[in-house]
Amino acid sequence: MRNVSPSTTFAATRFKRSSTSSTRTSSLSSPLSPEERLTLSVPVVRGECLLKYQLRPRREWQRDALLTCNPEEFRAEALELPNFQESVQECRKSMQDSTAPAEKRNQYPEIVFLGTGSAIPMKIRNVSSTLVNISPDKSLLLDCGEGTFGQLFHHFGEQVNQVLANLAAVFVSHLHADHHTGLLNILLQRERALAALGKPFHPLLVVAPTQLRPWLHQYHNHCQQIMHHISMIPAKYLLQRAEVSDPSTESLIQSLLKTCDLEKFQTCLVRHCKHAFGCALVHTSGWKVVYSGDTMPCEALVQIGKDATLLIHEATLEDGLEEEAMEKTHSTTSQAIGVGMRMNAQFIMLNHFSQRYAKIPIFSPDFNEKVGIAFDHMKVCFGDFQTVPKLIPPLKALFADDIGEMEERKEKRELRLIRAALLSQEQAHSPKDREPQQKRVQAESPQSPQSKKVRAQ
């Protein structure tokens, strides 16, 4: 490894942090030109994940921990798994036998899942964000968790500037960090992208709980000016039968519908934290996409999502953890599927999985031909509805070891619950256990002076 001057450390650090700056992130999309290099007085090193710089005993870059991805190695490993090749062949055959009708082969709308995990980003699943490409030049984001811009860049590469320029609106379901903290960088990167493409800047429409505004103001006042980047529509004004008294808000709502070619953009309060919303998008051509955000099974979502073309619903926990799901105000896989069935959704995509199911969730018995599992960077059109469920057998073969471990943990957990229930039942009905317990209670209970006097007599 070659030696570099101490100042190189700061150059690399500055370069690595470029994803959070609207000016410096241009380095992400293309290498520095020779002219740009000459303007810098120090050597420049491209930041990479897990790249280290050693100060002692010798100053040098250490790249031994850098992650490398060899697709051929991964394919070879997958092909050696039991039943994987057979399940892939069966999947291909079934897809050839069933072709989608011509009217369902349209490319748009196109759903790109950028983040399908919950709570915190992990190496397999990032946190919540879904890009809906309504047409070749119009799109909107459903939630915007941290790292959303990074996911966009990884997915679209050099085309990320055009994707950001096409972005017409962002819907923020609620103010949990895994759903809204990526918004700041999206706003800054969008301004940079518009400038790079020579397009005029205009504020981005943001549909969100009103509580988002103080958070943005705080960043605006203490970090950098950001408020000119957005035109905010409070999500409560898109509730059914909501009255909009402010003309400027009404104008923004009409602009949202016109820009995205929507007949209706409707929200509803869902069963999660306070001020949490789900939404339904109804296009002028007739399709409807419903997004749950984070919620327990919610009747209000069922009502606004009636006869949806696609329901994107959170399935944070596996079946059997209904109590935990209720405590955390989330849904299990079967509960999410049940919501889709009640609203008569044409297809259901499950996402927002707990990171304990980072590779793949446990499959519910309720899985059927109308249910699919979302992965980061997965792209789905309406014409793919028949294909997505056919991928489940190959996925089960590919992740058989992981599924086996999760099933084993599930069985142990259920066994512990059964033992605890039997033990409590025995203690409740056993007279031998009850008698000493009653004596202990009598001995431990405080006695009044009167009772002591009676016993003395």
# chains A, B, ... in the order shown; residues from 1 in each chain; ligands from 1

call {"tool": "closest_atom_pairs", "arguments": {"of": "region 121-157 of chain A", "to": "region 372-387 of chain A", "cutoff": "9 Å", "atoms": "only C-alpha atoms", "output": "tab-separated table"}}
result
residue	atom	partner	partner_atom	distance
A:Ile124	CA	A:Asp376	CA	7.5
A:Arg125	CA	A:Asp376	CA	5.9
A:Asn126	CA	A:Asp376	CA	7.1
A:Gln151	CA	A:His377	CA	7.9
A:Leu152	CA	A:His377	CA	8.9
A:His154	CA	A:His377	CA	8.7
A:His155	CA	A:His377	CA	6.4

call {"tool": "write_last_selection", "arguments": {"atoms": "N, CA and C atoms", "output": "PDB file, in the first residue's frame"}}
result
ATOM      1  N   ILE A 124     -28.925  -5.854   4.220  1.00  0.00           N
ATOM      2  CA  ILE A 124     -29.806  -6.501   3.247  1.00  0.00           C
ATOM      3  C   ILE A 124     -31.047  -5.667   2.993  1.00  0.00           C
ATOM      4  N   ARG A 125     -31.608  -5.080   4.038  1.00  0.00           N
ATOM      5  CA  ARG A 125     -32.819  -4.263   3.882  1.00  0.00           C
ATOM      6  C   ARG A 125     -32.593  -2.881   4.492  1.00  0.00           C
ATOM      7  N   ASN A 126     -32.811  -1.857   3.684  1.00  0.00           N
ATOM      8  CA  ASN A 126     -32.817  -0.501   4.220  1.00  0.00           C
ATOM      9  C   ASN A 126     -34.201  -0.199   4.792  1.00  0.00           C
ATOM     10  N   GLN A 151     -30.002   4.567  -1.759  1.00  0.00           N
ATOM     11  CA  GLN A 151     -30.691   3.482  -2.453  1.00  0.00           C
ATOM     12  C   GLN A 151     -31.037   3.888  -3.888  1.00  0.00           C
ATOM     13  N   LEU A 152     -31.477   5.130  -4.049  1.00  0.00           N
ATOM     14  CA  LEU A 152     -31.761   5.621  -5.401  1.00  0.00           C
ATOM     15  C   LEU A 152     -30.501   5.583  -6.259  1.00  0.00           C
ATOM     16  N   HIS A 154     -27.794   3.697  -5.852  1.00  0.00           N
ATOM     17  CA  HIS A 154     -27.399   2.312  -6.126  1.00  0.00           C
ATOM     18  C   HIS A 154     -28.289   1.683  -7.193  1.00  0.00           C
ATOM     19  N   HIS A 155     -29.556   2.052  -7.210  1.00  0.00           N
ATOM     20  CA  HIS A 155     -30.491   1.433  -8.151  1.00  0.00           C
ATOM     21  C   HIS A 155     -30.367   2.038  -9.548  1.00  0.00           C
TER      22      HIS A 155
END

call {"tool": "residues_around", "arguments": {"residues": "Ala308 (chain A)", "least_positions_apart": "4", "cutoff": "8 Å", "atoms": "only C-alpha atoms", "output": "PDB file with N, CA and C atoms, in the first residue's frame"}}
result
ATOM      1  N   TRP A 287     -56.447   2.821 -12.083  1.00  0.00           N
ATOM      2  CA  TRP A 287     -55.756   1.979 -11.099  1.00  0.00           C
ATOM      3  C   TRP A 287     -55.671   2.674  -9.733  1.00  0.00           C
ATOM      4  N   LYS A 288     -55.552   1.845  -8.696  1.00  0.00           N
ATOM      5  CA  LYS A 288     -55.460   2.361  -7.321  1.00  0.00           C
ATOM      6  C   LYS A 288     -54.342   1.635  -6.574  1.00  0.00           C
ATOM      7  N   VAL A 289     -53.432   2.421  -5.995  1.00  0.00           N
ATOM      8  CA  VAL A 289     -52.362   1.884  -5.153  1.00  0.00           C
ATOM      9  C   VAL A 289     -52.592   2.380  -3.732  1.00  0.00           C
ATOM     10  N   VAL A 290     -52.591   1.456  -2.789  1.00  0.00           N
ATOM     11  CA  VAL A 290     -52.830   1.779  -1.381  1.00  0.00           C
ATOM     12  C   VAL A 290     -51.573   1.454  -0.588  1.00  0.00           C
ATOM     13  N   MET A 343     -60.329  -5.684   1.819  1.00  0.00           N
ATOM     14  CA  MET A 343     -60.541  -4.564   0.896  1.00  0.00           C
ATOM     15  C   MET A 343     -60.655  -5.036  -0.554  1.00  0.00           C
ATOM     16  N   ASN A 344     -60.567  -6.363  -0.766  1.00  0.00           N
ATOM     17  CA  ASN A 344     -60.686  -6.941  -2.105  1.00  0.00           C
ATOM     18  C   ASN A 344     -59.583  -6.418  -3.023  1.00  0.00           C
ATOM     19  N   ALA A 345     -58.367  -6.350  -2.488  1.00  0.00           N
ATOM     20  CA  ALA A 345     -57.227  -5.897  -3.287  1.00  0.00           C
ATOM     21  C   ALA A 345     -56.869  -6.961  -4.322  1.00  0.00           C
ATOM     22  N   GLN A 346     -56.525  -6.494  -5.513  1.00  0.00           N
ATOM     23  CA  GLN A 346     -56.148  -7.412  -6.574  1.00  0.00           C
ATOM     24  C   GLN A 346     -54.836  -8.114  -6.261  1.00  0.00           C
ATOM     25  N   PHE A 347     -53.906  -7.382  -5.617  1.00  0.00           N
ATOM     26  CA  PHE A 347     -52.636  -7.988  -5.233  1.00  0.00           C
ATOM     27  C   PHE A 347     -52.108  -7.298  -3.983  1.00  0.00           C
TER      28      PHE A 347
END

call {"tool": "select_by_dssp", "arguments": {"residues": "region 168-301 of chain A", "states": "strand (DSSP E)", "output": "VMD selection string"}}
result
chain A and resid 168 to 171 204 to 208 230 to 234 262 to 269 277 to 283 288 to 291

call {"tool": "write_last_selection", "arguments": {"atoms": "N, CA and C atoms", "output": "mmCIF file, in the first residue's frame"}}
result
data_model
loop_
_atom_site.group_PDB
_atom_site.id
_atom_site.type_symbol
_atom_site.label_atom_id
_atom_site.label_comp_id
_atom_site.auth_asym_id
_atom_site.auth_seq_id
_atom_site.Cartn_x
_atom_site.Cartn_y
_atom_site.Cartn_z
ATOM 1 N N ALA A 168 -42.151 14.269 -8.203
ATOM 2 C CA ALA A 168 -43.178 15.309 -8.083
ATOM 3 C C ALA A 168 -43.641 15.511 -6.652
ATOM 4 N N ALA A 169 -43.608 14.456 -5.834
ATOM 5 C CA ALA A 169 -44.148 14.566 -4.475
ATOM 6 C C ALA A 169 -43.556 13.477 -3.592
ATOM 7 N N VAL A 170 -43.608 13.725 -2.282
ATOM 8 C CA VAL A 170 -43.200 12.742 -1.272
ATOM 9 C C VAL A 170 -44.323 12.639 -0.249
ATOM 10 N N PHE A 171 -44.721 11.406 0.076
ATOM 11 C CA PHE A 171 -45.690 11.177 1.147
ATOM 12 C C PHE A 171 -44.939 10.629 2.362
ATOM 13 N N LEU A 204 -40.675 21.048 -3.881
ATOM 14 C CA LEU A 204 -41.220 19.700 -3.956
ATOM 15 C C LEU A 204 -42.466 19.611 -3.090
ATOM 16 N N LEU A 205 -43.523 19.009 -3.613
ATOM 17 C CA LEU A 205 -44.750 18.804 -2.836
ATOM 18 C C LEU A 205 -44.524 17.696 -1.814
ATOM 19 N N VAL A 206 -44.827 17.981 -0.557
ATOM 20 C CA VAL A 206 -44.653 17.002 0.522
ATOM 21 C C VAL A 206 -45.971 16.866 1.267
ATOM 22 N N VAL A 207 -46.538 15.656 1.246
ATOM 23 C CA VAL A 207 -47.753 15.345 2.000
ATOM 24 C C VAL A 207 -47.314 14.653 3.282
ATOM 25 N N ALA A 208 -47.615 15.248 4.431
ATOM 26 C CA ALA A 208 -47.084 14.729 5.690
ATOM 27 C C ALA A 208 -47.909 15.232 6.864
ATOM 28 N N ILE A 230 -39.637 22.999 -0.089
ATOM 29 C CA ILE A 230 -40.882 22.226 -0.024
ATOM 30 C C ILE A 230 -42.115 23.121 -0.083
ATOM 31 N N SER A 231 -43.179 22.521 -0.605
ATOM 32 C CA SER A 231 -44.535 23.061 -0.470
ATOM 33 C C SER A 231 -45.333 21.976 0.231
ATOM 34 N N MET A 232 -45.706 22.224 1.475
ATOM 35 C CA MET A 232 -46.262 21.155 2.313
ATOM 36 C C MET A 232 -47.779 21.142 2.308
ATOM 37 N N ILE A 233 -48.315 19.928 2.140
ATOM 38 C CA ILE A 233 -49.750 19.681 2.240
ATOM 39 C C ILE A 233 -49.983 18.832 3.483
ATOM 40 N N PRO A 234 -50.607 19.369 4.530
ATOM 41 C CA PRO A 234 -50.885 18.548 5.715
ATOM 42 C C PRO A 234 -51.752 17.342 5.355
ATOM 43 N N LEU A 262 -53.561 12.296 -11.076
ATOM 44 C CA LEU A 262 -54.364 11.510 -10.140
ATOM 45 C C LEU A 262 -55.784 12.052 -10.073
ATOM 46 N N GLU A 263 -56.710 11.135 -9.945
ATOM 47 C CA GLU A 263 -58.099 11.517 -9.708
ATOM 48 C C GLU A 263 -58.328 11.817 -8.236
ATOM 49 N N LYS A 264 -57.598 11.076 -7.388
ATOM 50 C CA LYS A 264 -57.775 11.251 -5.939
ATOM 51 C C LYS A 264 -56.497 10.863 -5.222
ATOM 52 N N PHE A 265 -56.147 11.633 -4.199
ATOM 53 C CA PHE A 265 -55.068 11.296 -3.257
ATOM 54 C C PHE A 265 -55.706 11.397 -1.879
ATOM 55 N N GLN A 266 -56.014 10.244 -1.298
ATOM 56 C CA GLN A 266 -56.764 10.218 -0.051
ATOM 57 C C GLN A 266 -55.923 9.614 1.064
ATOM 58 N N THR A 267 -56.042 10.170 2.267
ATOM 59 C CA THR A 267 -55.335 9.642 3.431
ATOM 60 C C THR A 267 -56.335 9.154 4.470
ATOM 61 N N CYS A 268 -55.840 8.386 5.412
ATOM 62 C CA CYS A 268 -56.646 7.977 6.570
ATOM 63 C C CYS A 268 -55.722 7.811 7.762
ATOM 64 N N LEU A 269 -56.264 8.022 8.940
ATOM 65 C CA LEU A 269 -55.501 7.777 10.164
ATOM 66 C C LEU A 269 -55.413 6.272 10.399
ATOM 67 N N PHE A 277 -50.485 8.084 9.212
ATOM 68 C CA PHE A 277 -51.425 8.042 8.106
ATOM 69 C C PHE A 277 -51.075 6.925 7.120
ATOM 70 N N GLY A 278 -52.119 6.407 6.486
ATOM 71 C CA GLY A 278 -51.976 5.599 5.289
ATOM 72 C C GLY A 278 -52.532 6.405 4.135
ATOM 73 N N CYS A 279 -52.369 5.916 2.898
ATOM 74 C CA CYS A 279 -52.872 6.689 1.767
ATOM 75 C C CYS A 279 -53.317 5.777 0.633
ATOM 76 N N ALA A 280 -54.167 6.338 -0.234
ATOM 77 C CA ALA A 280 -54.634 5.656 -1.438
ATOM 78 C C ALA A 280 -54.497 6.611 -2.612
ATOM 79 N N LEU A 281 -53.846 6.147 -3.685
ATOM 80 C CA LEU A 281 -53.667 6.937 -4.905
ATOM 81 C C LEU A 281 -54.561 6.354 -5.988
ATOM 82 N N VAL A 282 -55.455 7.175 -6.517
ATOM 83 C CA VAL A 282 -56.349 6.730 -7.592
ATOM 84 C C VAL A 282 -55.976 7.496 -8.853
ATOM 85 N N HIS A 283 -55.518 6.776 -9.870
ATOM 86 C CA HIS A 283 -55.081 7.393 -11.122
ATOM 87 C C HIS A 283 -56.271 7.657 -12.037
ATOM 88 N N LYS A 288 -55.552 1.845 -8.696
ATOM 89 C CA LYS A 288 -55.460 2.361 -7.321
ATOM 90 C C LYS A 288 -54.342 1.635 -6.574
ATOM 91 N N VAL A 289 -53.432 2.421 -5.995
ATOM 92 C CA VAL A 289 -52.362 1.884 -5.153
ATOM 93 C C VAL A 289 -52.592 2.380 -3.732
ATOM 94 N N VAL A 290 -52.591 1.456 -2.789
ATOM 95 C CA VAL A 290 -52.830 1.779 -1.381
ATOM 96 C C VAL A 290 -51.573 1.454 -0.588
ATOM 97 N N TYR A 291 -51.197 2.375 0.292
ATOM 98 C CA TYR A 291 -49.987 2.215 1.107
ATOM 99 C C TYR A 291 -50.374 2.346 2.572
#

call {"tool": "closest_residue", "arguments": {"among": "A:Ile312, A:Leu183, A:Leu257, A:Ile360", "to": "Ala397 (chain A)", "atoms": "only C-alpha atoms"}}
result
A:Ile360

call {"tool": "residues_around", "arguments": {"residues": "region 316-321 of chain A", "least_positions_apart": "5", "cutoff": "9 Å", "atoms": "only C-alpha atoms", "output": "list of chain:residue names"}}
result
A:Gly117, A:Ser118, A:Asp294, A:Met326, A:His330, A:Ser331, A:Thr332, A:Thr333, A:Ser334, A:Gln335, A:Leu350, A:Asn351, A:His352, A:Phe353, A:Ser354, A:Gln355, A:Arg356, A:Tyr357, A:Pro361, A:Ile362, A:Phe363, A:Ser364, A:Lys410, A:Glu414

call {"tool": "write_last_selection", "arguments": {"atoms": "N, CA, C and O atoms", "output": "mmCIF file, in the first residue's frame"}}
result
data_model
loop_
_atom_site.group_PDB
_atom_site.id
_atom_site.type_symbol
_atom_site.label_atom_id
_atom_site.label_comp_id
_atom_site.auth_asym_id
_atom_site.auth_seq_id
_atom_site.Cartn_x
_atom_site.Cartn_y
_atom_site.Cartn_z
ATOM 1 N N GLY A 117 -37.191 -2.816 5.109
ATOM 2 C CA GLY A 117 -36.990 -3.233 6.493
ATOM 3 C C GLY A 117 -37.551 -2.211 7.457
ATOM 4 O O GLY A 117 -37.974 -1.118 7.066
ATOM 5 N N SER A 118 -37.556 -2.558 8.723
ATOM 6 C CA SER A 118 -38.108 -1.670 9.742
ATOM 7 C C SER A 118 -37.013 -1.230 10.710
ATOM 8 O O SER A 118 -35.968 -1.874 10.831
ATOM 9 N N ASP A 294 -47.092 2.365 8.678
ATOM 10 C CA ASP A 294 -47.006 1.440 9.816
ATOM 11 C C ASP A 294 -48.352 1.406 10.513
ATOM 12 O O ASP A 294 -48.894 2.457 10.885
ATOM 13 N N MET A 326 -49.180 -6.156 18.688
ATOM 14 C CA MET A 326 -50.113 -5.206 19.281
ATOM 15 C C MET A 326 -49.379 -4.212 20.176
ATOM 16 O O MET A 326 -49.670 -3.012 20.157
ATOM 17 N N HIS A 330 -47.942 -2.883 15.244
ATOM 18 C CA HIS A 330 -47.598 -3.343 13.895
ATOM 19 C C HIS A 330 -48.496 -4.515 13.520
ATOM 20 O O HIS A 330 -49.386 -4.908 14.290
ATOM 21 N N SER A 331 -48.266 -5.083 12.353
ATOM 22 C CA SER A 331 -49.073 -6.201 11.858
ATOM 23 C C SER A 331 -48.205 -7.436 11.651
ATOM 24 O O SER A 331 -47.006 -7.328 11.366
ATOM 25 N N THR A 332 -48.833 -8.598 11.775
ATOM 26 C CA THR A 332 -48.189 -9.851 11.375
ATOM 27 C C THR A 332 -48.505 -10.101 9.900
ATOM 28 O O THR A 332 -49.323 -9.404 9.298
ATOM 29 N N THR A 333 -47.869 -11.107 9.336
ATOM 30 C CA THR A 333 -48.081 -11.390 7.907
ATOM 31 C C THR A 333 -49.536 -11.741 7.624
ATOM 32 O O THR A 333 -50.141 -11.216 6.680
ATOM 33 N N SER A 334 -50.140 -12.610 8.425
ATOM 34 C CA SER A 334 -51.532 -12.995 8.193
ATOM 35 C C SER A 334 -52.486 -11.828 8.392
ATOM 36 O O SER A 334 -53.491 -11.696 7.679
ATOM 37 N N GLN A 335 -52.188 -10.963 9.356
ATOM 38 C CA GLN A 335 -53.033 -9.789 9.569
ATOM 39 C C GLN A 335 -52.976 -8.860 8.354
ATOM 40 O O GLN A 335 -53.999 -8.324 7.922
ATOM 41 N N LEU A 350 -46.113 -7.376 0.594
ATOM 42 C CA LEU A 350 -45.757 -7.212 2.004
ATOM 43 C C LEU A 350 -44.361 -6.602 2.111
ATOM 44 O O LEU A 350 -43.440 -6.987 1.381
ATOM 45 N N ASN A 351 -44.208 -5.646 3.030
ATOM 46 C CA ASN A 351 -42.889 -5.041 3.257
ATOM 47 C C ASN A 351 -42.759 -4.631 4.718
ATOM 48 O O ASN A 351 -43.549 -5.039 5.560
ATOM 49 N N HIS A 352 -41.721 -3.820 5.028
ATOM 50 C CA HIS A 352 -41.463 -3.341 6.392
ATOM 51 C C HIS A 352 -41.287 -4.513 7.359
ATOM 52 O O HIS A 352 -41.893 -4.582 8.422
ATOM 53 N N PHE A 353 -40.417 -5.440 6.976
ATOM 54 C CA PHE A 353 -40.165 -6.611 7.812
ATOM 55 C C PHE A 353 -39.192 -6.261 8.939
ATOM 56 O O PHE A 353 -38.250 -5.484 8.736
ATOM 57 N N SER A 354 -39.421 -6.857 10.091
ATOM 58 C CA SER A 354 -38.456 -6.737 11.181
ATOM 59 C C SER A 354 -37.100 -7.212 10.678
ATOM 60 O O SER A 354 -37.009 -8.148 9.877
ATOM 61 N N GLN A 355 -36.027 -6.577 11.167
ATOM 62 C CA GLN A 355 -34.699 -6.961 10.695
ATOM 63 C C GLN A 355 -34.281 -8.348 11.185
ATOM 64 O O GLN A 355 -33.255 -8.862 10.731
ATOM 65 N N ARG A 356 -35.086 -8.962 12.044
ATOM 66 C CA ARG A 356 -34.821 -10.363 12.391
ATOM 67 C C ARG A 356 -35.130 -11.276 11.194
ATOM 68 O O ARG A 356 -34.706 -12.428 11.156
ATOM 69 N N TYR A 357 -35.910 -10.754 10.233
ATOM 70 C CA TYR A 357 -36.201 -11.491 8.996
ATOM 71 C C TYR A 357 -35.517 -10.794 7.818
ATOM 72 O O TYR A 357 -36.113 -10.609 6.756
ATOM 73 N N PRO A 361 -38.803 -13.399 5.266
ATOM 74 C CA PRO A 361 -39.713 -13.610 6.403
ATOM 75 C C PRO A 361 -40.195 -15.055 6.463
ATOM 76 O O PRO A 361 -40.028 -15.817 5.508
ATOM 77 N N ILE A 362 -40.779 -15.410 7.594
ATOM 78 C CA ILE A 362 -41.410 -16.726 7.713
ATOM 79 C C ILE A 362 -42.729 -16.698 6.946
ATOM 80 O O ILE A 362 -43.520 -15.770 7.099
ATOM 81 N N PHE A 363 -42.964 -17.692 6.126
ATOM 82 C CA PHE A 363 -44.149 -17.706 5.280
ATOM 83 C C PHE A 363 -45.378 -18.123 6.078
ATOM 84 O O PHE A 363 -45.377 -19.139 6.770
ATOM 85 N N SER A 364 -46.423 -17.340 5.950
ATOM 86 C CA SER A 364 -47.678 -17.622 6.628
ATOM 87 C C SER A 364 -48.481 -18.648 5.834
ATOM 88 O O SER A 364 -48.385 -18.701 4.606
ATOM 89 N N LYS A 410 -38.955 -20.435 16.405
ATOM 90 C CA LYS A 410 -40.391 -20.315 16.618
ATOM 91 C C LYS A 410 -40.924 -21.489 17.442
ATOM 92 O O LYS A 410 -41.723 -21.304 18.366
ATOM 93 N N GLU A 414 -42.699 -21.285 21.121
ATOM 94 C CA GLU A 414 -44.030 -21.829 21.380
ATOM 95 C C GLU A 414 -43.988 -22.861 22.502
ATOM 96 O O GLU A 414 -44.919 -22.936 23.320
#

call {"tool": "select_by_dssp", "arguments": {"residues": "region 188-392 of chain A", "states": "alpha helix (DSSP H)", "output": "PyMOL selection string"}}
result
chain A and resi 188-196+212-222+247-259+299-304+322-327+333-342+392

call {"tool": "write_last_selection", "arguments": {"atoms": "C-alpha atoms", "output": "PDB file, in the first residue's frame"}}
result
ATOM      1  CA  LEU A 188     -30.708  18.807  -1.209  1.00  0.00           C
ATOM      2  CA  GLN A 189     -29.809  16.248  -3.868  1.00  0.00           C
ATOM      3  CA  ARG A 190     -32.852  17.213  -5.916  1.00  0.00           C
ATOM      4  CA  GLU A 191     -31.713  20.843  -6.011  1.00  0.00           C
ATOM      5  CA  ARG A 192     -28.283  19.706  -7.179  1.00  0.00           C
ATOM      6  CA  ALA A 193     -29.792  17.393  -9.809  1.00  0.00           C
ATOM      7  CA  LEU A 194     -32.009  20.104 -11.265  1.00  0.00           C
ATOM      8  CA  ALA A 195     -29.027  22.447 -11.507  1.00  0.00           C
ATOM      9  CA  ALA A 196     -26.881  19.740 -13.135  1.00  0.00           C
ATOM     10  CA  LEU A 212     -43.088  17.511  10.190  1.00  0.00           C
ATOM     11  CA  ARG A 213     -42.986  21.282   9.738  1.00  0.00           C
ATOM     12  CA  PRO A 214     -41.395  22.103  13.175  1.00  0.00           C
ATOM     13  CA  TRP A 215     -38.748  19.443  12.538  1.00  0.00           C
ATOM     14  CA  LEU A 216     -37.885  21.021   9.185  1.00  0.00           C
ATOM     15  CA  HIS A 217     -37.892  24.500  10.760  1.00  0.00           C
ATOM     16  CA  GLN A 218     -35.448  23.350  13.420  1.00  0.00           C
ATOM     17  CA  TYR A 219     -33.059  22.074  10.758  1.00  0.00           C
ATOM     18  CA  HIS A 220     -33.619  25.268   8.748  1.00  0.00           C
ATOM     19  CA  ASN A 221     -32.781  27.515  11.713  1.00  0.00           C
ATOM     20  CA  HIS A 222     -29.799  25.613  13.111  1.00  0.00           C
ATOM     21  CA  PRO A 247     -56.878  28.657  -0.511  1.00  0.00           C
ATOM     22  CA  SER A 248     -53.123  28.107  -0.803  1.00  0.00           C
ATOM     23  CA  THR A 249     -53.434  24.542   0.538  1.00  0.00           C
ATOM     24  CA  GLU A 250     -56.340  23.848  -1.811  1.00  0.00           C
ATOM     25  CA  SER A 251     -54.193  25.119  -4.697  1.00  0.00           C
ATOM     26  CA  LEU A 252     -51.359  22.777  -3.683  1.00  0.00           C
ATOM     27  CA  ILE A 253     -53.754  19.816  -3.539  1.00  0.00           C
ATOM     28  CA  GLN A 254     -55.025  20.559  -7.050  1.00  0.00           C
ATOM     29  CA  SER A 255     -51.432  20.937  -8.242  1.00  0.00           C
ATOM     30  CA  LEU A 256     -50.585  17.532  -6.733  1.00  0.00           C
ATOM     31  CA  LEU A 257     -53.492  15.837  -8.504  1.00  0.00           C
ATOM     32  CA  LYS A 258     -52.760  17.519 -11.840  1.00  0.00           C
ATOM     33  CA  THR A 259     -48.997  16.960 -11.747  1.00  0.00           C
ATOM     34  CA  GLU A 299     -60.619  -0.641   9.172  1.00  0.00           C
ATOM     35  CA  ALA A 300     -60.153   2.922   7.929  1.00  0.00           C
ATOM     36  CA  LEU A 301     -57.457   1.677   5.551  1.00  0.00           C
ATOM     37  CA  VAL A 302     -59.783  -1.073   4.340  1.00  0.00           C
ATOM     38  CA  GLN A 303     -62.445   1.518   3.533  1.00  0.00           C
ATOM     39  CA  ILE A 304     -60.246   3.875   1.479  1.00  0.00           C
ATOM     40  CA  GLU A 322     -49.737 -11.075  17.663  1.00  0.00           C
ATOM     41  CA  GLU A 323     -49.259  -9.808  21.232  1.00  0.00           C
ATOM     42  CA  GLU A 324     -45.883  -8.303  20.389  1.00  0.00           C
ATOM     43  CA  ALA A 325     -47.349  -6.812  17.226  1.00  0.00           C
ATOM     44  CA  MET A 326     -50.113  -5.206  19.281  1.00  0.00           C
ATOM     45  CA  GLU A 327     -47.635  -3.810  21.803  1.00  0.00           C
ATOM     46  CA  THR A 333     -48.081 -11.390   7.907  1.00  0.00           C
ATOM     47  CA  SER A 334     -51.532 -12.995   8.193  1.00  0.00           C
ATOM     48  CA  GLN A 335     -53.033  -9.789   9.569  1.00  0.00           C
ATOM     49  CA  ALA A 336     -51.636  -7.828   6.611  1.00  0.00           C
ATOM     50  CA  ILE A 337     -52.974 -10.387   4.140  1.00  0.00           C
ATOM     51  CA  GLY A 338     -56.340 -10.272   5.915  1.00  0.00           C
ATOM     52  CA  VAL A 339     -56.538  -6.494   5.404  1.00  0.00           C
ATOM     53  CA  GLY A 340     -55.930  -6.989   1.689  1.00  0.00           C
ATOM     54  CA  MET A 341     -58.593  -9.659   1.452  1.00  0.00           C
ATOM     55  CA  ARG A 342     -61.143  -7.485   3.243  1.00  0.00           C
ATOM     56  CA  ILE A 392     -41.766 -18.169  -3.496  1.00  0.00           C
TER      57      ILE A 392
END

call {"tool": "atom_distance", "arguments": {"atom1": "CA of Ala315 (chain A)", "atom2": "CA of Lys236 (chain A)"}}
result
24.7 Å

call {"tool": "atom_distance", "arguments": {"atom1": "CA of Phe84 (chain A)", "atom2": "CA of Asp402 (chain A)"}}
result
14.3 Å

call {"tool": "residues_around", "arguments": {"residues": "Cys49 (chain A)", "least_positions_apart": "2", "cutoff": "7 Å", "atoms": "only C-alpha atoms", "output": "VMD selection string"}}
result
chain A and resid 47 51 66
